[in-house]
Structure formats: C-alpha cells, structure tokens
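Raw contents of target_15.csv, CSV, C-alpha atoms:
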```csv
chain,number,residue,atom,x,y,z
Y,20,MET,CA,162.7,62.5,11.4
Y,21,THR,CA,159.4,61.0,12.4
Y,22,GLN,CA,158.4,58.1,10.2
Y,23,ALA,CA,155.1,58.4,8.3
Y,24,PRO,CA,152.5,55.9,9.5
Y,25,LEU,CA,153.0,52.3,8.2
Y,26,ARG,CA,149.5,51.0,7.5
Y,27,THR,CA,148.5,47.3,7.8
Y,28,ALA,CA,145.3,45.6,8.6
Y,29,PHE,CA,146.4,45.5,12.3
Y,30,THR,CA,147.1,49.3,12.5
Y,31,GLU,CA,143.7,50.0,10.9
Y,32,LEU,CA,142.0,47.6,13.4
Y,33,VAL,CA,143.4,49.2,16.5
Y,34,GLY,CA,144.0,52.7,15.4
Y,35,VAL,CA,147.8,53.0,15.8
Y,36,ASP,CA,150.5,54.4,13.4
Y,37,TYR,CA,152.9,51.5,13.4
Y,38,PRO,CA,152.4,47.7,13.5
Y,39,VAL,CA,154.5,47.2,16.6
Y,40,VAL,CA,153.1,45.7,19.8
Y,41,GLN,CA,154.6,45.7,23.3
Y,42,THR,CA,153.4,42.6,25.0
Y,43,GLY,CA,151.8,42.4,28.4
Y,44,MET,CA,154.7,41.2,30.7
Y,45,GLY,CA,153.9,40.6,34.3
Y,46,TRP,CA,155.6,43.2,36.7
Y,47,VAL,CA,157.0,44.9,33.6
Y,48,SER,CA,154.2,46.3,31.5
Y,49,GLY,CA,152.8,48.9,33.8
Y,50,ALA,CA,151.4,52.4,33.0
Y,51,SER,CA,154.8,53.9,32.2
Y,52,LEU,CA,156.0,51.4,29.6
Y,53,THR,CA,152.5,50.9,28.1
Y,54,SER,CA,151.8,54.6,27.7
Y,55,ALA,CA,155.4,55.2,26.3
Y,56,THR,CA,154.8,52.5,23.6
Y,57,SER,CA,151.4,53.9,22.7
Y,58,ASN,CA,152.8,57.5,22.5
Y,59,ALA,CA,155.5,56.1,20.2
Y,60,GLY,CA,152.8,55.0,17.8
Y,61,GLY,CA,152.7,51.3,18.7
Y,62,LEU,CA,150.3,49.4,20.8
Y,63,GLY,CA,151.2,49.2,24.5
Y,64,ILE,CA,149.5,46.5,26.6
Y,65,LEU,CA,149.1,46.5,30.4
Y,66,ALA,CA,149.8,43.2,32.1
Y,67,SER,CA,147.0,42.7,34.7
Y,68,ALA,CA,147.7,39.1,35.8
Y,69,THR,CA,150.0,40.2,38.6
Y,70,MET,CA,147.6,43.1,39.6
Y,71,THR,CA,144.7,43.0,42.0
Y,72,PHE,CA,141.5,44.5,40.5
Y,73,GLU,CA,142.1,47.7,42.4
Y,74,GLU,CA,145.6,47.9,41.1
Y,75,LEU,CA,144.3,47.4,37.6
Y,76,GLU,CA,141.8,50.2,38.0
Y,77,LYS,CA,144.6,52.5,39.1
Y,78,ALA,CA,146.9,51.4,36.2
Y,79,VAL,CA,144.2,52.0,33.6
Y,80,ALA,CA,143.6,55.4,35.0
Y,81,ARG,CA,147.3,56.2,35.1
Y,82,THR,CA,147.8,55.0,31.6
Y,83,LYS,CA,144.9,57.2,30.3
Y,84,SER,CA,146.5,60.2,32.1
Y,85,LEU,CA,149.8,59.6,30.2
Y,86,THR,CA,148.5,58.9,26.7
Y,87,ASP,CA,145.4,59.6,24.6
Y,88,LYS,CA,146.5,56.9,22.2
Y,89,PRO,CA,145.0,53.4,22.0
Y,90,PHE,CA,146.3,50.8,24.4
Y,91,GLY,CA,145.4,47.3,25.6
Y,92,VAL,CA,145.1,45.3,28.7
Y,93,ASN,CA,146.1,41.6,29.0
Y,94,ILE,CA,143.6,39.5,31.0
Y,95,ARG,CA,143.7,35.9,32.3
Y,96,ALA,CA,140.7,34.4,30.6
Y,97,ASP,CA,140.5,31.7,33.4
Y,98,ALA,CA,140.6,34.2,36.3
Y,99,THR,CA,137.6,34.1,38.5
Y,100,ASP,CA,137.1,37.9,38.2
Y,101,ALA,CA,137.7,38.0,34.4
Y,102,GLU,CA,134.1,39.2,33.9
Y,103,GLU,CA,134.7,42.1,36.3
Y,104,ARG,CA,137.9,43.1,34.6
Y,105,ILE,CA,136.2,43.0,31.2
Y,106,ASP,CA,133.5,45.3,32.6
Y,107,LEU,CA,136.3,47.7,33.7
Y,108,LEU,CA,137.8,47.7,30.2
Y,109,ILE,CA,134.4,48.5,28.7
Y,110,ARG,CA,133.7,51.2,31.3
Y,111,GLU,CA,137.0,52.9,30.8
Y,112,GLY,CA,137.0,52.7,27.0
Y,113,VAL,CA,140.1,50.6,26.7
Y,114,LYS,CA,140.7,49.8,23.0
Y,115,VAL,CA,142.2,46.3,23.1
Y,116,ALA,CA,141.7,43.2,25.3
Y,117,SER,CA,144.4,40.6,24.9
Y,118,PHE,CA,144.4,37.1,26.4
Y,119,ALA,CA,147.1,34.6,27.0
Y,120,LEU,CA,144.5,31.9,27.0
Y,121,ALA,CA,141.5,32.0,24.7
Y,122,PRO,CA,138.5,33.6,26.3
Y,123,LYS,CA,135.0,32.0,26.0
Y,124,LYS,CA,132.8,33.0,23.1
Y,125,ASP,CA,130.4,34.9,25.4
Y,126,LEU,CA,133.2,37.1,26.7
Y,127,ILE,CA,134.4,37.8,23.1
Y,128,ALA,CA,130.9,38.7,22.1
Y,129,LYS,CA,130.5,41.0,25.1
Y,130,LEU,CA,133.7,42.9,24.4
Y,131,LYS,CA,133.0,43.2,20.7
Y,132,ASP,CA,129.5,44.5,21.4
Y,133,HIS,CA,131.1,47.4,23.3
Y,134,GLY,CA,133.7,48.1,20.7
Y,135,VAL,CA,136.7,46.5,22.4
Y,136,VAL,CA,139.1,44.7,20.0
Y,137,VAL,CA,139.8,41.1,21.1
Y,138,ILE,CA,143.3,39.7,20.4
Y,139,PRO,CA,144.1,36.3,22.0
Y,140,SER,CA,147.7,34.9,21.9
Y,141,ILE,CA,147.9,31.4,20.4
Y,142,GLY,CA,150.5,28.8,19.8
Y,143,ALA,CA,149.1,26.6,17.1
Y,144,ALA,CA,147.2,27.0,13.8
Y,145,LYS,CA,144.2,25.1,15.0
Y,146,HIS,CA,143.8,27.5,18.0
Y,147,ALA,CA,143.9,30.5,15.6
Y,148,VAL,CA,141.1,29.0,13.5
Y,149,LYS,CA,139.1,28.3,16.7
Y,150,VAL,CA,139.3,31.8,18.1
Y,151,ALA,CA,138.7,33.3,14.7
Y,152,SER,CA,135.5,31.3,14.5
Y,153,TRP,CA,134.5,32.6,17.9
Y,154,GLY,CA,134.8,36.2,16.8
Y,155,ALA,CA,138.4,37.2,17.8
Y,156,ASP,CA,139.5,40.3,15.8
Y,157,ALA,CA,143.2,39.3,15.5
Y,158,VAL,CA,145.7,36.9,17.0
Y,159,ILE,CA,149.2,37.1,18.3
Y,160,VAL,CA,151.2,34.0,17.4
Y,161,GLN,CA,154.4,33.4,19.4
Y,162,GLY,CA,157.1,31.0,18.2
Y,163,GLY,CA,159.4,29.1,20.5
Y,164,GLU,CA,162.1,31.9,20.5
Y,165,GLY,CA,159.8,34.0,22.7
Y,166,GLY,CA,160.3,34.6,26.4
Y,167,GLY,CA,158.0,33.4,29.2
Y,168,HIS,CA,155.5,30.6,28.4
Y,169,THR,CA,156.3,29.4,25.0
Y,170,GLY,CA,155.9,26.4,22.6
Y,171,PRO,CA,158.3,24.2,20.7
Y,172,VAL,CA,157.8,25.5,17.2
Y,173,ALA,CA,160.0,28.3,15.8
Y,174,THR,CA,158.3,31.4,14.5
Y,175,THR,CA,159.6,30.8,11.0
Y,176,LEU,CA,157.3,27.7,10.8
Y,177,LEU,CA,154.5,28.6,13.2
Y,178,LEU,CA,153.7,31.9,11.6
Y,179,PRO,CA,153.2,30.6,8.0
Y,180,SER,CA,151.2,27.6,9.3
Y,181,VAL,CA,148.8,30.0,11.1
Y,182,LEU,CA,148.6,32.3,8.0
Y,183,ASP,CA,147.8,29.3,5.8
Y,184,ALA,CA,145.2,28.0,8.2
Y,185,LEU,CA,143.4,31.3,8.4
Y,186,GLY,CA,143.6,32.0,4.6
Y,187,THR,CA,144.0,35.2,2.7
Y,188,ASP,CA,140.8,36.7,4.0
Y,189,GLY,CA,141.5,35.7,7.6
Y,190,ILE,CA,141.9,38.0,10.6
Y,191,PRO,CA,145.2,40.0,11.1
Y,192,VAL,CA,148.1,38.0,12.5
Y,193,VAL,CA,150.7,39.6,14.7
Y,194,ALA,CA,154.0,37.7,14.9
Y,195,ALA,CA,155.9,37.3,18.1
Y,196,GLY,CA,159.0,35.4,19.2
Y,197,GLY,CA,162.5,36.5,17.9
Y,198,PHE,CA,161.7,40.1,16.9
Y,199,PHE,CA,163.7,43.1,17.9
Y,200,ASP,CA,164.5,45.3,14.9
Y,201,GLY,CA,163.3,46.5,11.5
Y,202,ARG,CA,164.6,43.5,9.7
Y,203,GLY,CA,162.2,41.3,11.7
Y,204,LEU,CA,159.3,43.6,11.0
Y,205,ALA,CA,160.0,43.5,7.3
Y,206,ALA,CA,160.3,39.7,7.4
Y,207,ALA,CA,157.0,39.3,9.3
Y,208,LEU,CA,155.3,41.5,6.7
Y,209,ALA,CA,156.8,39.5,3.9
Y,210,TYR,CA,155.4,36.3,5.4
Y,211,GLY,CA,152.0,38.0,5.4
Y,212,ALA,CA,151.7,39.0,9.1
Y,213,ALA,CA,150.2,42.4,9.9
Y,214,GLY,CA,152.7,43.4,12.6
Y,215,VAL,CA,155.1,42.2,15.2
Y,216,ALA,CA,154.9,41.9,19.0
Y,217,MET,CA,157.9,42.2,21.3
Y,218,GLY,CA,158.5,41.6,25.0
Y,219,THR,CA,162.2,41.5,25.8
Y,220,ARG,CA,163.0,44.3,23.4
Y,221,PHE,CA,160.6,46.6,25.2
Y,222,LEU,CA,161.7,45.4,28.6
Y,223,LEU,CA,165.2,46.7,27.6
Y,224,THR,CA,164.2,50.3,27.0
Y,225,SER,CA,164.7,53.4,29.1
Y,226,ASP,CA,161.0,53.6,29.7
Y,227,SER,CA,160.9,50.2,31.4
Y,228,THR,CA,160.8,50.3,35.2
Y,229,VAL,CA,162.9,47.1,35.5
Y,230,PRO,CA,165.9,48.0,37.8
Y,231,ASP,CA,168.9,49.1,35.9
Y,232,SER,CA,171.0,46.4,37.5
Y,233,VAL,CA,168.7,43.8,36.1
Y,234,LYS,CA,168.7,45.4,32.6
Y,235,GLN,CA,172.5,45.1,32.7
Y,236,GLU,CA,172.2,41.5,33.5
Y,237,TYR,CA,170.1,41.0,30.3
Y,238,LEU,CA,172.5,43.1,28.2
Y,239,GLY,CA,175.4,40.9,29.1
Y,240,ARG,CA,173.8,37.8,27.8
Y,241,THR,CA,174.3,35.9,24.5
Y,242,LEU,CA,172.1,33.9,22.2
Y,243,ALA,CA,172.9,30.8,24.2
Y,244,ASP,CA,171.9,32.2,27.6
Y,245,THR,CA,168.3,31.2,27.8
Y,246,VAL,CA,166.7,27.9,28.7
Y,247,VAL,CA,163.1,26.5,28.4
Y,248,SER,CA,162.4,25.2,31.9
Y,249,THR,CA,159.3,23.4,33.2
Y,250,LYS,CA,160.6,23.6,36.8
Y,251,VAL,CA,159.5,27.2,37.3
Y,252,ASP,CA,155.7,26.6,37.2
Y,253,GLY,CA,155.3,23.2,35.5
Y,254,MET,CA,154.8,24.7,32.0
Y,255,PRO,CA,157.5,25.4,29.4
Y,256,HIS,CA,158.9,28.8,30.4
Y,257,ARG,CA,161.9,30.5,28.6
Y,258,VAL,CA,164.1,32.3,31.1
Y,259,LEU,CA,167.6,33.5,31.5
Y,260,LYS,CA,170.1,30.9,32.7
Y,261,THR,CA,170.8,31.8,36.3
Y,262,SER,CA,172.1,29.9,39.4
Y,263,LEU,CA,168.6,29.7,40.7
Y,264,VAL,CA,167.2,28.2,37.5
Y,265,GLU,CA,170.1,25.7,37.5
Y,266,LYS,CA,169.1,24.7,41.1
Y,267,LEU,CA,165.4,24.4,40.0
Y,268,GLU,CA,166.4,22.3,37.0
Y,269,GLY,CA,168.5,19.9,39.2
Y,270,GLY,CA,166.4,20.0,42.3
Y,271,ASN,CA,164.3,17.4,44.0
Y,272,PRO,CA,160.6,17.6,42.7
Y,273,ALA,CA,159.1,17.3,46.2
Y,274,THR,CA,161.3,20.2,47.5
Y,275,ALA,CA,160.4,22.3,44.5
Y,276,LEU,CA,156.7,21.7,45.0
Y,277,ALA,CA,156.9,22.7,48.6
Y,278,ALA,CA,158.8,25.9,47.7
Y,279,ALA,CA,156.2,26.6,45.0
Y,280,ALA,CA,153.3,26.2,47.5
Y,281,LYS,CA,155.0,28.6,49.9
Y,282,ASN,CA,155.5,31.2,47.1
Y,283,ALA,CA,151.8,30.7,46.1
Y,284,ASN,CA,150.8,31.5,49.7
Y,285,ASP,CA,153.1,34.6,49.7
Y,286,PHE,CA,151.4,35.7,46.4
Y,287,LYS,CA,148.0,35.2,48.0
Y,288,GLN,CA,148.9,37.3,51.0
Y,289,MET,CA,150.4,40.1,48.8
Y,290,THR,CA,147.4,40.4,46.6
Y,291,GLY,CA,144.8,39.8,49.3
Y,292,MET,CA,143.4,36.8,47.4
Y,293,LYS,CA,141.4,34.2,49.4
Y,294,TRP,CA,142.3,30.6,49.3
Y,295,THR,CA,138.8,29.9,48.0
Y,296,THR,CA,139.5,32.2,45.1
Y,297,MET,CA,142.8,30.5,44.4
Y,298,LEU,CA,141.1,27.1,44.4
Y,299,ARG,CA,138.4,28.4,42.1
Y,300,ASP,CA,141.1,29.7,39.8
Y,301,GLY,CA,142.9,26.3,40.0
Y,302,ARG,CA,139.7,24.5,39.0
Y,303,ALA,CA,139.2,26.9,36.1
Y,304,MET,CA,142.7,26.2,34.9
Y,305,ARG,CA,142.1,22.5,35.2
Y,306,ARG,CA,138.9,22.8,33.1
Y,307,SER,CA,140.6,25.0,30.4
Y,308,GLY,CA,143.6,22.8,29.8
Y,309,ASP,CA,145.5,19.7,30.6
Y,310,ARG,CA,147.4,21.0,33.7
Y,311,THR,CA,147.9,18.7,36.7
Y,312,TRP,CA,147.2,19.9,40.2
Y,313,GLN,CA,151.0,19.9,40.7
Y,314,GLN,CA,151.4,22.3,37.8
Y,315,ILE,CA,148.6,24.5,39.1
Y,316,ILE,CA,150.3,24.8,42.5
Y,317,MET,CA,153.5,25.6,40.8
Y,318,ALA,CA,151.7,28.3,38.8
Y,319,GLY,CA,151.4,30.3,42.0
Y,320,ASN,CA,155.2,30.2,42.1
Y,321,THR,CA,155.7,32.2,39.0
Y,322,PRO,CA,154.5,35.7,40.1
Y,323,MET,CA,156.8,35.7,43.2
Y,324,LEU,CA,159.9,34.5,41.4
Y,325,LEU,CA,159.4,37.0,38.6
Y,326,LYS,CA,158.7,39.8,41.1
Y,327,ALA,CA,161.9,39.0,42.9
Y,328,GLY,CA,163.9,39.5,39.7
Y,329,LEU,CA,162.1,42.1,37.7
Y,330,VAL,CA,160.8,44.3,40.5
Y,331,ASP,CA,163.1,43.7,43.5
Y,332,GLY,CA,166.2,43.3,41.4
Y,333,ASN,CA,167.2,40.1,43.2
Y,334,THR,CA,168.6,38.0,40.4
Y,335,ASP,CA,169.8,35.4,42.9
Y,336,ALA,CA,166.3,34.7,44.2
Y,337,GLY,CA,164.3,35.6,41.2
Y,338,VAL,CA,163.6,34.3,37.7
Y,339,LEU,CA,164.1,36.5,34.6
Y,340,ALA,CA,161.8,35.7,31.7
Y,341,SER,CA,163.5,36.3,28.4
Y,342,GLY,CA,163.3,35.7,24.7
Y,343,GLN,CA,166.3,34.4,22.7
Y,344,VAL,CA,166.7,37.9,21.2
Y,345,VAL,CA,168.4,39.0,24.5
Y,346,GLY,CA,171.7,38.0,22.8
Y,347,MET,CA,171.1,40.5,20.0
Y,348,ILE,CA,170.3,43.5,22.2
Y,349,ASP,CA,173.0,45.9,23.5
Y,350,ASP,CA,171.3,49.2,24.2
Y,351,LEU,CA,168.4,50.8,26.1
Y,352,PRO,CA,166.6,53.3,23.8
Y,353,SER,CA,163.4,55.1,24.6
Y,354,CYS,CA,160.2,53.5,23.2
Y,355,ALA,CA,159.9,56.4,20.9
Y,356,ASP,CA,163.4,56.0,19.5
Y,357,LEU,CA,163.0,52.2,19.3
Y,358,VAL,CA,159.8,52.3,17.3
Y,359,GLN,CA,161.1,55.0,14.9
Y,360,THR,CA,164.3,53.0,14.3
Y,361,ILE,CA,162.4,49.8,13.7
Y,362,VAL,CA,159.9,51.3,11.3
Y,363,GLY,CA,162.7,53.2,9.4
Y,364,ASP,CA,164.8,50.1,9.1
Y,365,ALA,CA,161.9,48.0,8.0
Y,366,ARG,CA,161.1,50.5,5.2
Y,367,ALA,CA,164.7,50.5,4.0
Y,368,ARG,CA,164.7,46.7,4.0
Y,369,ILE,CA,161.5,46.6,2.0
Y,370,ARG,CA,162.8,49.1,-0.5
Y,371,ALA,CA,166.0,47.1,-0.9
Y,372,LEU,CA,163.9,44.0,-1.6
Y,373,GLY,CA,161.9,45.9,-4.1
Y,374,ASP,CA,165.0,46.8,-6.0
Y,375,LEU,CA,165.8,43.1,-6.4
Y,376,GLY,CA,162.6,42.7,-8.4
```
Just give me the structure of the file as structure tokens.
Amino acid sequence: MTQAPLRTAFTELVGVDYPVVQTGMGWVSGASLTSATSNAGGLGILASATMTFEELEKAVARTKSLTDKPFGVNIRADATDAEERIDLLIREGVKVASFALAPKKDLIAKLKDHGVVVIPSIGAAKHAVKVASWGADAVIVQGGEGGGHTGPVATTLLLPSVLDALGTDGIPVVAAGGFFDGRGLAAALAYGAAGVAMGTRFLLTSDSTVPDSVKQEYLGRTLADTVVSTKVDGMPHRVLKTSLVEKLEGGNPATALAAAAKNANDFKQMTGMKWTTMLRDGRAMRRSGDRTWQQIIMAGNTPMLLKAGLVDGNTDAGVLASGQVVGMIDDLPSCADLVQTIVGDARARIRALGDLG
C-alpha cells in the first residue's frame, strides 16, 4: 500500500510527499538514483562536484527525462564555475540547490530570486544561524556518524543544538548522519527536525549504479568497520576500513602527498580542467576556510580514489565513503520500496509513542 503524504515544513518547502532526502554523493548520485528517489516521493540530489559542466548539463536533462518530480543539484560553492552552474539550475528549473560549503549571500539571493530553494549542509549551530541570516531556506545538519566529510559531534547532540540556535520559528532542519529506517525518521521528527537525509542507505539500493561487488563489500560490514581518516584528502573523512585506508593511515606523509598530487593531475586530465582553474579553485578553498595548501593538493586525491572504488569497483585501489549505518544494512531495496517502508515504519512508531501518552 502506498503511504499517504507525510507533511512537514520541509516537504511543503520543496514540494515532495515525504521528508526523506537522498544526499549528493560523488560518483553515486547520478540521474538514475536521483530520479528514482524523487519518483519515490523523496528529494533526490544530483552530485555535481565530480562532473564537468557539460556532464552536469546532460545529467540534469537526463534526470528531467526520468522524473517530473522536484529534485536538487549539489554544487561546490567555492568552484570557479559555481556561477555558471547556478545559471544552469535556474535555466533548467531545478527545484533545489544544495551546498556542502555555504554559498555567498549574493549567490543565495540570485537563486531565491529565481525560485530555487537553497539548502546548505552545515556542521555547527553557528553556521546554521549564519546561513539562515543570509537567506538560506533550510539546512541539512550532519552528525559525526555520517559518511564522507564529517565532524566530531554526534547527531543526537548536534541536531538539538542547531534546532535550539535557530529557534521555534527558524528555517526547516533536515537531520543527517546515522539514519537508515523509520525509527530514525520518527526520532528526528521528535527532536523537531523536518526530515532526514541519507547517503549510505541510498547507495545500497537496487537503483544505485555502484557495482554489485562493491555493494556486497558494504553489506558485509559491521558497525565497527568505518574509520574517520584525514589521510585521504587532509580533512576528516569517514570511510570503510580497507587495506588501502590502512596503508594511507600508516604511510609516510611525503609519499602520500606525492601520490595525492598524481591523482589530482589524473583528475585534471579526466575532466579537462586546466591547471590555472585548479589553482583558482585552490585559492578559493584557502579563502573560504582554514585548509593548508597540502590539504588542498590532497583534495584533488579524493575524486580519483572514490571513482576507483565506487565506479570502477576496485576496492583495493579505491576508497569507499560510508556512514556508520553500514553495519545496520543487509538488503538492497528499490528507492520506492525503501521510502515506503521508512515512512510506514515511522508512522507506526509515532502512533506507538502516542499510545504512551
């Protein structure tokens, strides 16, 4: 049975049936997964950071051909062509622009002026307050349990701190990090969030284009099989424990930096980027945060290591980003079945709590 819409401030904002978001995962969140999530009643988000501009154009067109539901695109706010990508979203009528780093106020204003919903991801209450003051429509707040780049504070503490900072009349908050089922959605709503966002859970669906052999690698893992490493790209990055990650963790820093520079060059050649563009991106990253030049060089390492694992299926030469929830997942449902199950279980949990009162 198809679940009736579950309305929250977030679903009303973006025009979806259920408060469930599929995050923009590099090499994973393409047109297939994004459209399947949106068709399931959630919000699918294309990951554009690993796409050239031309690839993003094609991915947006492909997604639009596969769904007439709202979807989003994740953009690197510090990319040198961020303005051009934003123009593409506006031109193509994309509903949501999400950002891993907070966009500048003028970019937020431009998107909002053209009816695009702006949803940055943040990792601290003060950042939520800042982007809200700049005009962001909602925020995704990811706790330390989440995969990929993550912070040190667990969702159970980070989420209420953000909600308290924004106040009862604040913008909608979507919780991420540690969510995979209806119990999590019910818990997030109980905290005061307006929805949940999930990465690893959507990666492990039949609609995900990640190679089956890699999915089986994930399904065989336990709650203790992830690690937060700074050796992948210089920033805290939650990944599956693999022999490669162990080598990176125990390797010589100079050797790791040389390997990272080579991978950055490979990524440049694959995407057709010019060195001048990469250097401009690096300077922008320096201005937008506290990264060292070593970390910026290592940042070029990430796309190639993730591609090796998530696209090429080479788990010996690649890195597999993963949330801790990997240890709780043992199946590969379709996005449609996953969303329906999550919403149905959340409703049952909320009814059970109501009976207690």
Calculated over only C-alpha atoms, which of the candidates Y:Thr42, Y:Thr175, Y:Ser54, Y:Thr228 has the smallest distance to Ser140 in chain Y?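 Nearest candidate to Ser140 in chain Y out of Y:Thr42, Y:Thr175, Y:Ser54, Y:Thr228: Y:Thr42.
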List the spatial neighbours of Pro24 in chain Y as a PyMOL selection string - criterion: any atom at most 10 Å away, all atoms listed in the file, same-chain residues fewer than 3 positions off excluded. chain Y and resi 21+27+30+35-38+60+362
Give as an NGL selection string each residue that has an atom at most 9 Å from (138.3, 32.0, 23.7) in the file, counting all atoms listed in the file. :Y and (96 or 118 or 120-127 or 139 or 149-150 or 153-155)
What does the structure give for the distance between CA of Val233 in chain Y and CA of Gly342 in chain Y, in Å to one decimal?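 Answer for the CA of Val233 in chain Y to CA of Gly342 in chain Y separation: 15.0 Å.
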Pairwise distance for CA of Met347 in chain Y and CA of Gly142 in chain Y, rounded to one decimal in Å: 23.7 Å
Please provide as a list of chain:residue names all residues within 12 Å of Ala367 in chain Y, with the sequence filter that same-chain residues fewer than 6 positions apart are discarded (counting all atoms listed in the file). Y:Gln22, Y:Gly201, Y:Arg202, Y:Leu204, Y:Ala205, Y:Thr360, Y:Ile361, Y:Gly373, Y:Asp374
Closest-contact table, range 322-367 of chain Y side, partner range 241-246 of chain Y, 8 Å, counting only C-alpha atoms, as JSON lines:
```
{"residue": "Y:Ser341", "atom": "CA", "partner": "Y:Thr245", "partner_atom": "CA", "distance": 7.0}
{"residue": "Y:Gly342", "atom": "CA", "partner": "Y:Thr245", "partner_atom": "CA", "distance": 7.4}
{"residue": "Y:Gln343", "atom": "CA", "partner": "Y:Leu242", "partner_atom": "CA", "distance": 5.8}
{"residue": "Y:Val344", "atom": "CA", "partner": "Y:Leu242", "partner_atom": "CA", "distance": 6.8}
{"residue": "Y:Val345", "atom": "CA", "partner": "Y:Thr241", "partner_atom": "CA", "distance": 6.7}
{"residue": "Y:Gly346", "atom": "CA", "partner": "Y:Thr241", "partner_atom": "CA", "distance": 3.7}
{"residue": "Y:Met347", "atom": "CA", "partner": "Y:Leu242", "partner_atom": "CA", "distance": 7.0}
```
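Counting all atoms listed in the file and comparing Y:Lys250, Y:Arg240, Y:Lys88, Y:Arg366, the residue that lies closest to Ala209 in chain Y is Y:Arg366.
Pairwise distance (CA of Met217 in chain Y, CA of Gly197 in chain Y) equals 8.1 Å.
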Considering all atoms listed in the file, return as an NGL selection string whatever protein or nucleic-acid residues lie within 12 Å of Ser67 in chain Y, sequence-local ones (same chain, fewer than 3 positions apart) excluded. :Y and (42-50 or 53 or 64 or 70-79 or 91-96 or 98 or 100-101 or 104-105 or 107-108 or 116-119 or 322)
With distances taken over only C-alpha atoms, which residue among Y:Val160, Y:Leu176, Y:Val358, Y:Leu52 lies nearest Ala212 in chain Y?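 Looking only at the distances to Ala212 in chain Y, the closest residue turns out to be Y:Val160.
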Could you tell me which of Y:Leu324, Y:Ala340, Y:Val40, Y:Ala355 comes closest to Met20 in chain Y if we count only C-alpha atoms?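 Between Y:Leu324, Y:Ala340, Y:Val40, Y:Ala355, the residue approaching Met20 in chain Y most closely is Y:Ala355.
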May I ask you to restore N, CA, C and O atoms in range 98-111 of chain Y and write the result as an mmCIF file, keeping the file's coordinate frame?
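Saved file selection_32.cif follows:
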```cif
data_model
loop_
_atom_site.group_PDB
_atom_site.id
_atom_site.type_symbol
_atom_site.label_atom_id
_atom_site.label_comp_id
_atom_site.auth_asym_id
_atom_site.auth_seq_id
_atom_site.Cartn_x
_atom_site.Cartn_y
_atom_site.Cartn_z
ATOM 1 N N ALA Y 98 140.684 33.600 34.959
ATOM 2 C CA ALA Y 98 140.600 34.200 36.300
ATOM 3 C C ALA Y 98 139.152 34.298 36.739
ATOM 4 O O ALA Y 98 138.245 34.521 35.935
ATOM 5 N N THR Y 99 138.931 34.133 38.028
ATOM 6 C CA THR Y 99 137.600 34.100 38.500
ATOM 7 C C THR Y 99 136.908 35.519 38.394
ATOM 8 O O THR Y 99 135.687 35.616 38.340
ATOM 9 N N ASP Y 100 137.715 36.573 38.343
ATOM 10 C CA ASP Y 100 137.100 37.900 38.200
ATOM 11 C C ASP Y 100 137.329 38.463 36.775
ATOM 12 O O ASP Y 100 137.305 39.674 36.570
ATOM 13 N N ALA Y 101 137.501 37.562 35.793
ATOM 14 C CA ALA Y 101 137.700 38.000 34.400
ATOM 15 C C ALA Y 101 136.531 38.866 33.933
ATOM 16 O O ALA Y 101 136.723 39.882 33.254
ATOM 17 N N GLU Y 102 135.329 38.482 34.297
ATOM 18 C CA GLU Y 102 134.100 39.200 33.900
ATOM 19 C C GLU Y 102 134.179 40.655 34.438
ATOM 20 O O GLU Y 102 133.870 41.627 33.746
ATOM 21 N N GLU Y 103 134.588 40.780 35.688
ATOM 22 C CA GLU Y 103 134.700 42.100 36.300
ATOM 23 C C GLU Y 103 135.733 42.956 35.648
ATOM 24 O O GLU Y 103 135.546 44.159 35.434
ATOM 25 N N ARG Y 104 136.838 42.341 35.285
ATOM 26 C CA ARG Y 104 137.900 43.100 34.600
ATOM 27 C C ARG Y 104 137.474 43.520 33.212
ATOM 28 O O ARG Y 104 137.821 44.612 32.760
ATOM 29 N N ILE Y 105 136.732 42.670 32.566
ATOM 30 C CA ILE Y 105 136.200 43.000 31.200
ATOM 31 C C ILE Y 105 135.252 44.211 31.351
ATOM 32 O O ILE Y 105 135.269 45.126 30.524
ATOM 33 N N ASP Y 106 134.423 44.208 32.389
ATOM 34 C CA ASP Y 106 133.500 45.300 32.600
ATOM 35 C C ASP Y 106 134.312 46.631 32.813
ATOM 36 O O ASP Y 106 133.902 47.711 32.356
ATOM 37 N N LEU Y 107 135.441 46.530 33.503
ATOM 38 C CA LEU Y 107 136.300 47.700 33.700
ATOM 39 C C LEU Y 107 136.825 48.233 32.385
ATOM 40 O O LEU Y 107 136.797 49.447 32.137
ATOM 41 N N LEU Y 108 137.298 47.325 31.515
ATOM 42 C CA LEU Y 108 137.800 47.700 30.200
ATOM 43 C C LEU Y 108 136.725 48.460 29.404
ATOM 44 O O LEU Y 108 136.977 49.505 28.790
ATOM 45 N N ILE Y 109 135.525 47.903 29.439
ATOM 46 C CA ILE Y 109 134.400 48.500 28.700
ATOM 47 C C ILE Y 109 134.084 49.876 29.275
ATOM 48 O O ILE Y 109 133.927 50.857 28.529
ATOM 49 N N ARG Y 110 134.021 49.947 30.582
ATOM 50 C CA ARG Y 110 133.700 51.200 31.300
ATOM 51 C C ARG Y 110 134.697 52.299 30.995
ATOM 52 O O ARG Y 110 134.342 53.472 30.820
ATOM 53 N N GLU Y 111 135.971 51.917 30.939
ATOM 54 C CA GLU Y 111 137.000 52.900 30.800
ATOM 55 C C GLU Y 111 137.413 53.145 29.315
ATOM 56 O O GLU Y 111 138.303 53.936 29.029
#
```
